[in-house]
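To start, the structure itself, in structure tokens.
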Amino acid sequence: MSELKLVIFDCDGTLVDGQHLIISSMKRASKNCKIPYAGDEAVRRIVGLSLPEAISKTYPKLSAGDHELLRTEFINHFQYLRTLDDKHEPLYDGIREAIIALEKTGILLGVATGKSTRGLKNTLKIHGLEDYFVTLNTADDGPGKPDPSMINVALADTGVLQQNTFMVGDTTYDMQMAALAGVRSVGVTWGYHEKHELISCGANHIIGHISELVELVQD
């Protein structure tokens, strides 16, 4: 009997394009707090981190009090936007088909994301994907990326060996997390960090379309 395999996906920048919600929310939070906005590219760079870490990384010179104000305003606007239109977080091309194909072959699926648990479950529900994942790990559960704890929990949840586990993500944080957890890393080129950055952080594989993942994992 073949050994079980596990594929863990990042969410924003890998499964869905969530940058518009995130950028809009950070821009509004900065405005409401009367703090100069750091710019779209700076915010895009921190997608994937937990919100507190993302804010402190984007605005390193601000006080802890200002960081907390930004966090509150960000959450308020983000949640408001989620009530308006589910097209703010569209699935990338081929994601649904790849998830279905992987699940049909008996490969276990999980998510490791900087989103909140509520946010992740809402995203998966909107796209009808909530039943495909056996382990969900978010910023609410402990240390964020690149700390390996989310992957370690997924391994414990499923009993899958490190060498049979793939971490699929679009950022250097995902590649670093995979390396620290001792699992195989798959960098995707349709997200928010550049291909050369993923390679420099030790990506074991680089794919340009999600359909390539199905063949890679099954080999």
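A note on labels: chains of the structure tokens are A, B, ... as shown, every chain counts residues from 1, and ligands are counted from 1 in their shown order.
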Can you list, as a ChimeraX atom specification, every residue of segment 7-178 of chain A that DSSP puts in alpha helix (DSSP H)? /A:19-32,40-45,51-58,64-82,95-104,117-126,149-158,172-178
Using only C-alpha atoms, tabulate the residues of segment 78-118 of chain A lying at most 9 Å from any atom of segment 122-145 of chain A, each with its closest atom pair and that distance in Å to one decimal, by chain and increasing residue number, as a Markdown table.
```
| residue | atom | partner | partner_atom | distance |
| --- | --- | --- | --- | --- |
| A:Asp86 | CA | A:Ile126 | CA | 7.0 |
| A:Glu89 | CA | A:Thr123 | CA | 7.7 |
| A:Pro90 | CA | A:His127 | CA | 8.5 |
| A:Leu91 | CA | A:His127 | CA | 7.8 |
| A:Arg96 | CA | A:Leu129 | CA | 7.8 |
| A:Ile99 | CA | A:Tyr132 | CA | 7.5 |
| A:Ile100 | CA | A:Tyr132 | CA | 7.8 |
| A:Glu103 | CA | A:Tyr132 | CA | 6.9 |
| A:Leu108 | CA | A:Val134 | CA | 6.8 |
| A:Leu109 | CA | A:Phe133 | CA | 4.9 |
| A:Gly110 | CA | A:Thr135 | CA | 4.7 |
| A:Val111 | CA | A:Leu136 | CA | 5.0 |
| A:Ala112 | CA | A:Asn137 | CA | 4.8 |
| A:Thr113 | CA | A:Thr138 | CA | 5.0 |
| A:Gly114 | CA | A:Ala139 | CA | 4.8 |
| A:Lys115 | CA | A:Thr138 | CA | 5.8 |
| A:Ser116 | CA | A:Ala139 | CA | 5.5 |
| A:Thr117 | CA | A:Thr138 | CA | 5.6 |
| A:Arg118 | CA | A:Asn122 | CA | 6.1 |
```
Go ahead and write the residues just picked, N, CA and C atoms, as a PDB file, in the first residue's frame.
```pdb
ATOM      1  N   ASP A  86     -18.421  38.628  -3.230  1.00  0.00           N
ATOM      2  CA  ASP A  86     -17.462  37.530  -3.094  1.00  0.00           C
ATOM      3  C   ASP A  86     -16.397  37.537  -4.180  1.00  0.00           C
ATOM      4  N   GLU A  89     -12.210  37.971  -3.830  1.00  0.00           N
ATOM      5  CA  GLU A  89     -11.223  36.909  -3.651  1.00  0.00           C
ATOM      6  C   GLU A  89     -11.469  35.788  -4.654  1.00  0.00           C
ATOM      7  N   PRO A  90     -11.281  36.057  -5.928  1.00  0.00           N
ATOM      8  CA  PRO A  90     -11.536  35.018  -6.931  1.00  0.00           C
ATOM      9  C   PRO A  90     -10.497  33.908  -6.867  1.00  0.00           C
ATOM     10  N   LEU A  91     -10.934  32.692  -7.180  1.00  0.00           N
ATOM     11  CA  LEU A  91      -9.996  31.579  -7.309  1.00  0.00           C
ATOM     12  C   LEU A  91      -9.107  31.813  -8.512  1.00  0.00           C
ATOM     13  N   ARG A  96      -9.854  24.974  -8.575  1.00  0.00           N
ATOM     14  CA  ARG A  96     -10.919  24.033  -8.216  1.00  0.00           C
ATOM     15  C   ARG A  96     -10.668  22.659  -8.838  1.00  0.00           C
ATOM     16  N   ILE A  99      -7.761  20.815  -7.068  1.00  0.00           N
ATOM     17  CA  ILE A  99      -8.152  20.321  -5.741  1.00  0.00           C
ATOM     18  C   ILE A  99      -8.994  19.058  -5.872  1.00  0.00           C
ATOM     19  N   ILE A 100      -9.947  19.071  -6.779  1.00  0.00           N
ATOM     20  CA  ILE A 100     -10.806  17.908  -6.991  1.00  0.00           C
ATOM     21  C   ILE A 100      -9.978  16.717  -7.473  1.00  0.00           C
ATOM     22  N   GLU A 103      -7.817  15.324  -4.563  1.00  0.00           N
ATOM     23  CA  GLU A 103      -8.638  14.642  -3.567  1.00  0.00           C
ATOM     24  C   GLU A 103      -9.139  13.300  -4.086  1.00  0.00           C
ATOM     25  N   LEU A 108      -4.288  13.798   0.706  1.00  0.00           N
ATOM     26  CA  LEU A 108      -4.891  14.641   1.737  1.00  0.00           C
ATOM     27  C   LEU A 108      -4.530  16.099   1.480  1.00  0.00           C
ATOM     28  N   LEU A 109      -5.454  16.984   1.822  1.00  0.00           N
ATOM     29  CA  LEU A 109      -5.266  18.405   1.549  1.00  0.00           C
ATOM     30  C   LEU A 109      -5.414  19.221   2.832  1.00  0.00           C
ATOM     31  N   GLY A 110      -4.605  20.286   2.928  1.00  0.00           N
ATOM     32  CA  GLY A 110      -4.678  21.170   4.073  1.00  0.00           C
ATOM     33  C   GLY A 110      -4.402  22.602   3.655  1.00  0.00           C
ATOM     34  N   VAL A 111      -4.564  23.518   4.600  1.00  0.00           N
ATOM     35  CA  VAL A 111      -4.279  24.929   4.370  1.00  0.00           C
ATOM     36  C   VAL A 111      -3.458  25.447   5.540  1.00  0.00           C
ATOM     37  N   ALA A 112      -2.461  26.265   5.244  1.00  0.00           N
ATOM     38  CA  ALA A 112      -1.683  26.990   6.251  1.00  0.00           C
ATOM     39  C   ALA A 112      -1.639  28.444   5.807  1.00  0.00           C
ATOM     40  N   THR A 113      -2.256  29.327   6.562  1.00  0.00           N
ATOM     41  CA  THR A 113      -2.456  30.691   6.086  1.00  0.00           C
ATOM     42  C   THR A 113      -2.356  31.719   7.202  1.00  0.00           C
ATOM     43  N   GLY A 114      -2.034  32.927   6.810  1.00  0.00           N
ATOM     44  CA  GLY A 114      -2.039  34.046   7.739  1.00  0.00           C
ATOM     45  C   GLY A 114      -3.431  34.597   7.993  1.00  0.00           C
ATOM     46  N   LYS A 115      -4.432  34.091   7.287  1.00  0.00           N
ATOM     47  CA  LYS A 115      -5.816  34.496   7.528  1.00  0.00           C
ATOM     48  C   LYS A 115      -6.262  34.056   8.923  1.00  0.00           C
ATOM     49  N   SER A 116      -7.322  34.662   9.407  1.00  0.00           N
ATOM     50  CA  SER A 116      -7.973  34.165  10.610  1.00  0.00           C
ATOM     51  C   SER A 116      -8.745  32.901  10.250  1.00  0.00           C
ATOM     52  N   THR A 117      -9.087  32.114  11.264  1.00  0.00           N
ATOM     53  CA  THR A 117      -9.881  30.903  11.022  1.00  0.00           C
ATOM     54  C   THR A 117     -11.230  31.264  10.408  1.00  0.00           C
ATOM     55  N   ARG A 118     -11.847  32.304  10.935  1.00  0.00           N
ATOM     56  CA  ARG A 118     -13.135  32.754  10.402  1.00  0.00           C
ATOM     57  C   ARG A 118     -13.003  33.163   8.940  1.00  0.00           C
TER      58      ARG A 118
END
```
DSSP on the backbone, then: every residue of segment 38-158 of chain A marked strand (DSSP E), written as a VMD selection string. chain A and resid 108 to 112 135 to 137
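Atom pair atom CA of Asp10 of chain A / atom CA of Gly169 of chain A has a distance of 5.0 Å (rounded to one decimal).
Neighbours of Ser200 of chain A closer than or equal to 12 Å, with only C-alpha atoms counted and sequence neighbours fewer than 2 positions away skipped, come out as Thr171, Thr172, Tyr173, Met175, Gln176, Gly187, His193, Glu194, Lys195, His196, Glu197, Leu198, Gly202, Ala203, Asn204, His205 and Ile206 of chain A.
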Using only C-alpha atoms, which residues of segment 69-94 of chain A come within 12 Å of segment 44-53 of chain A, and what is the closest atom pair for each, with the distance in Å to one decimal? Give it as JSON lines, sorted by chain and residue number.
```
{"residue": "A:Leu69", "atom": "CA", "partner": "A:Pro52", "partner_atom": "CA", "distance": 10.7}
{"residue": "A:Leu70", "atom": "CA", "partner": "A:Pro52", "partner_atom": "CA", "distance": 9.2}
{"residue": "A:Arg71", "atom": "CA", "partner": "A:Pro52", "partner_atom": "CA", "distance": 6.8}
{"residue": "A:Thr72", "atom": "CA", "partner": "A:Leu51", "partner_atom": "CA", "distance": 10.2}
{"residue": "A:Glu73", "atom": "CA", "partner": "A:Leu51", "partner_atom": "CA", "distance": 11.7}
{"residue": "A:Phe74", "atom": "CA", "partner": "A:Leu51", "partner_atom": "CA", "distance": 9.0}
{"residue": "A:Ile75", "atom": "CA", "partner": "A:Leu51", "partner_atom": "CA", "distance": 9.1}
{"residue": "A:Phe78", "atom": "CA", "partner": "A:Leu51", "partner_atom": "CA", "distance": 11.7}
```
